[in-house]
Amino acid sequence: MRTEETDRPFYFHPPWNILFDPQMLEKINPWKINLSFILLSFLEEMEKRDVIDFRASGIALDSSATVYLMKSRLLLKLEEPPPPPREPNPDYVPPPIILPLRYELTTTTIQNLLEALEDAIKTENLFKLKVPPRSELLLAPQEIVPPINVYLMEMEEQMSNLLRKIRFFIKEGKIVTFSKLIRGLEKLEQIRNFIILLFLAHRKKISLWQKEDSDEIFITLGEDTPDGSFK
Amino acid sequence: MGASSKEQKEKPGDEDVNRQIALIEAALYVAGRPLDLKTLGRIIGSRSKRKVRELARMLMKEYEKRNSSLEVLELEDQRFVLQLKTDYASKVRRLAVRPLLTDGPLRTLAYIAYRQPVSQKQVIAARGTHAYKHIRQLVEMGLVEKEQRGRNKILRATEYFADYFGLSHNPVTMKRQLIRILNSIANKEKKKQSERKNKENRESLPLNLY
Amino acid sequence: MGASSKEQKEKPGDEDVNRQIALIEAALYVAGRPLDLKTLGRIIGSRSKRKVRELARMLMKEYEKRNSSLEVLELEDQRFVLQLKTDYASKVRRLAVRPLLTDGPLRTLAYIAYRQPVSQKQVIAARGTHAYKHIRQLVEMGLVEKEQRGRNKILRATEYFADYFGLSHNPVTMKRQLIRILNSIANKEKKKQSERKNKENRESLPLNLY
């Protein structure tokens, strides 16, 4: 019935084990060790068990000397010994109060969240995030203004053309990215496509996405154009 | 015929009572704080405080009979509150919606409540400089309020705090009630500590108790 | 003899079951949101989903039997929730007085949910340095989670956030839901604005699309 635990000598258990574990002894703050208590109880325990272990006593004595040495070294470094633990407090601090647990319905609604979102987006540096893939495209406005005017006149037609193209890509099961959509087109055409995309998004025909750290724009069909319908 | 007309009268009456009790329950559930008879009366559409109290007590009894982790309490000032029984708290604490205060801020809170009105300077002197952070947190949570008085900042527990414990909103009464609560907590803790000391063979034990 | 030993066995068993049901109630009450079987299992110390579901259903039945304004529901994804019955909500909603978050942190939260997954850097750039504090608070409240990815900290909204606002747990769907609702608000607002002034700034148009 003897377990491994009971086979080990008693002094390998707390509080005496501190004297028999050099690694532990090195780590501990010597001021935290009450040597007289440990040694006295060690002796008492040996007496109680009627086994005098001189080897263990020697180690205990050696460790005690080490602890004293550590303490005196700290003192020499002008380190104050910590104040006695039970010094009366200058002011009484009551124990922590535990608040009772009560569920509480909060007043914040999804509406509040969305209003907050609008505010957050308004103040965000939008241009940094919303520019098309190559920002230089928008940096030459003089050149593109006249053609756009022509374009605006046939906007409806252009929009349905582009929407057809997007649907085609989606039907093929491909992810529609802006760069895929404009692949092979000239710069001016790319800009036109981007503007039409914005109009399509405005009419909820499509949704536009951007991933973080990427200039790519992802395109999905909008709520007014469910995936299945290819009218 | 008389019997049947009586039945007809009682039936909707019972339903009314049930509905009113359920409404009081709904009110206490949503509020998450003690509500007074006037507020509860407004919810069930009754001006009779006596009647409202009766209904709230019926709800309280119903909760007592149930095998429930929740309880309805009647506080000294005739307010009622629905809350979790304390012996369930430790197991489900971490699921709570609001960030829960850790031991440090709770001690600072206890100190402020105990000494209120108390200057911030005094709180820092008693609790250390980390208490600045606690005070900020407690003010943010609405448990403590700060008032500039001359060069001093005066701290006190809020009514919201008082509601947590079902304490009176009157500062003097609140303080008296609090001191009683804090003393009883302190006594319990002392008991626990001495029990723990007796068992203190392993270092890991006291850590796991919390 | 057999009967008495059976009785002895059953009694503590019954108490256990009652305690476990009450613990599930405690968890659902404190959380105020749907909890899955795993979470509930952890609370009652059981890994058997079947058993947890059974106990939660017992709680549900108990609530059905009571004259209560509260109900326990089993959702399609096997989560359970304790909530106020809808026909009581309108009567007591005005007793809710505290917002989940103040304006600043709420805006930061909305921004994170909208842009997620989003780097902390980007959130700070968009919301200002005070957002560091907001992020800490949001993480503490369990509304946002932070993941270290290389040198970046990536933020996203948690399932708790989704549950609180009744949004999908799937981040992509959640984002789409947010955008849809936002667009409908934006459109309404735009209508109002254009009614007020016919001259609309053309540049602002595409910006509101997102």
# chains A, B, ... in the order shown; residues from 1 in each chain; ligands from 1

$ interface_residues --of "chain B" --to "chain C" --cutoff "7 Å" --atoms "only C-alpha atoms" --output "PyMOL selection string"
chain B and resi 18+22-23+25-27+30-31+43+67-69+84+88+91-92+95-99

$ residues_around --residues "Pro171 of chain B" --least-positions-apart "6" --cutoff "10 Å" --atoms "only C-alpha atoms" --output "number ranges by chain"
B: 113, 116-117, 156-159, 162, 177

$ residues_around --residues "Leu181 of chain A" --least-positions-apart "3" --cutoff "9 Å" --atoms "only C-alpha atoms" --output "list in words"
Leu162, Lys165, Ile166, Phe169, Val176, Thr177, Phe178, Gly184, Leu185, Gln190 and Asn193 of chain A

$ atom_distance --atom1 "atom CA of Arg136 of chain B" --atom2 "atom CA of Arg176 of chain B"
25.2 Å

$ closest_atom_pairs --of "chain A" --to "chain C" --cutoff "10 Å" --atoms "only C-alpha atoms" --output "JSON lines"
{"residue": "A:Leu101", "atom": "CA", "partner": "C:Val30", "partner_atom": "CA", "distance": 6.9}
{"residue": "A:Arg102", "atom": "CA", "partner": "C:Val30", "partner_atom": "CA", "distance": 6.6}
{"residue": "A:Tyr103", "atom": "CA", "partner": "C:Val30", "partner_atom": "CA", "distance": 5.4}
{"residue": "A:Glu104", "atom": "CA", "partner": "C:Ala96", "partner_atom": "CA", "distance": 7.3}
{"residue": "A:Leu105", "atom": "CA", "partner": "C:Ala96", "partner_atom": "CA", "distance": 5.6}
{"residue": "A:Thr106", "atom": "CA", "partner": "C:Pro99", "partner_atom": "CA", "distance": 5.0}
{"residue": "A:Thr107", "atom": "CA", "partner": "C:Pro99", "partner_atom": "CA", "distance": 4.6}
{"residue": "A:Thr108", "atom": "CA", "partner": "C:Pro99", "partner_atom": "CA", "distance": 5.0}
{"residue": "A:Thr109", "atom": "CA", "partner": "C:Phe165", "partner_atom": "CA", "distance": 6.8}
{"residue": "A:Ile110", "atom": "CA", "partner": "C:Phe165", "partner_atom": "CA", "distance": 5.5}
{"residue": "A:Gln111", "atom": "CA", "partner": "C:Ile181", "partner_atom": "CA", "distance": 8.9}
{"residue": "A:Asn112", "atom": "CA", "partner": "C:Leu106", "partner_atom": "CA", "distance": 8.4}
{"residue": "A:Leu113", "atom": "CA", "partner": "C:Ala110", "partner_atom": "CA", "distance": 5.9}
{"residue": "A:Leu114", "atom": "CA", "partner": "C:Leu182", "partner_atom": "CA", "distance": 6.2}
{"residue": "A:Glu115", "atom": "CA", "partner": "C:Arg107", "partner_atom": "CA", "distance": 8.3}
{"residue": "A:Ala116", "atom": "CA", "partner": "C:Arg107", "partner_atom": "CA", "distance": 4.5}
{"residue": "A:Leu117", "atom": "CA", "partner": "C:Ala110", "partner_atom": "CA", "distance": 4.8}
{"residue": "A:Glu118", "atom": "CA", "partner": "C:Leu182", "partner_atom": "CA", "distance": 7.8}
{"residue": "A:Asp119", "atom": "CA", "partner": "C:Arg107", "partner_atom": "CA", "distance": 7.0}
{"residue": "A:Ala120", "atom": "CA", "partner": "C:Arg107", "partner_atom": "CA", "distance": 5.5}
{"residue": "A:Ile121", "atom": "CA", "partner": "C:Tyr111", "partner_atom": "CA", "distance": 7.2}
{"residue": "A:Lys122", "atom": "CA", "partner": "C:Asn208", "partner_atom": "CA", "distance": 8.7}
{"residue": "A:Thr123", "atom": "CA", "partner": "C:Ala126", "partner_atom": "CA", "distance": 7.1}
{"residue": "A:Glu124", "atom": "CA", "partner": "C:Ala126", "partner_atom": "CA", "distance": 4.6}
{"residue": "A:Asn125", "atom": "CA", "partner": "C:Ala126", "partner_atom": "CA", "distance": 6.1}
{"residue": "A:Leu126", "atom": "CA", "partner": "C:Leu207", "partner_atom": "CA", "distance": 7.4}
{"residue": "A:Phe127", "atom": "CA", "partner": "C:Leu207", "partner_atom": "CA", "distance": 8.7}
{"residue": "A:Leu129", "atom": "CA", "partner": "C:Gln122", "partner_atom": "CA", "distance": 9.9}
{"residue": "A:Lys130", "atom": "CA", "partner": "C:Leu207", "partner_atom": "CA", "distance": 8.0}
{"residue": "A:Ile195", "atom": "CA", "partner": "C:Pro206", "partner_atom": "CA", "distance": 8.9}
{"residue": "A:Leu197", "atom": "CA", "partner": "C:Pro206", "partner_atom": "CA", "distance": 9.9}
{"residue": "A:Leu198", "atom": "CA", "partner": "C:Pro206", "partner_atom": "CA", "distance": 6.2}
{"residue": "A:Phe199", "atom": "CA", "partner": "C:Pro206", "partner_atom": "CA", "distance": 7.8}
{"residue": "A:Leu200", "atom": "CA", "partner": "C:Leu209", "partner_atom": "CA", "distance": 9.9}
{"residue": "A:Ala201", "atom": "CA", "partner": "C:Leu209", "partner_atom": "CA", "distance": 6.7}
{"residue": "A:His202", "atom": "CA", "partner": "C:Leu209", "partner_atom": "CA", "distance": 5.7}
{"residue": "A:Arg203", "atom": "CA", "partner": "C:Leu209", "partner_atom": "CA", "distance": 9.1}
{"residue": "A:Lys204", "atom": "CA", "partner": "C:Asn183", "partner_atom": "CA", "distance": 8.8}
{"residue": "A:Ser207", "atom": "CA", "partner": "C:Tyr210", "partner_atom": "CA", "distance": 8.3}
{"residue": "A:Leu208", "atom": "CA", "partner": "C:Tyr210", "partner_atom": "CA", "distance": 7.5}
{"residue": "A:Trp209", "atom": "CA", "partner": "C:Tyr210", "partner_atom": "CA", "distance": 8.3}
{"residue": "A:Gln210", "atom": "CA", "partner": "C:Arg115", "partner_atom": "CA", "distance": 8.8}
{"residue": "A:Lys211", "atom": "CA", "partner": "C:Pro117", "partner_atom": "CA", "distance": 8.1}
{"residue": "A:Glu212", "atom": "CA", "partner": "C:Val118", "partner_atom": "CA", "distance": 6.1}
{"residue": "A:Asp213", "atom": "CA", "partner": "C:Ser119", "partner_atom": "CA", "distance": 8.7}
{"residue": "A:Gly222", "atom": "CA", "partner": "C:Arg180", "partner_atom": "CA", "distance": 9.2}
{"residue": "A:Glu223", "atom": "CA", "partner": "C:Arg180", "partner_atom": "CA", "distance": 8.1}

$ residues_around --residues "Asn29 of chain A" --least-positions-apart "5" --cutoff "10 Å" --atoms "only C-alpha atoms" --output "list in words"
Met24, Val67, Met70 and Lys71 of chain A

$ closest_residue --among "B:Ser48, B:Glu71, B:Lys38, B:Met58" --to "Val17 of chain B" --atoms "only C-alpha atoms"
B:Met58

$ atom_distance --atom1 "atom CA of Ile52 of chain A" --atom2 "atom CA of Leu69 of chain A"
26.4 Å

$ select_by_dssp --residues "segment 36-65 of chain C" --states "alpha helix (DSSP H)" --output "number ranges by chain"
C: 37-44, 49-65

$ atom_distance --atom1 "atom CA of Phe80 of chain C" --atom2 "atom CA of Pro34 of chain C"
5.1 Å
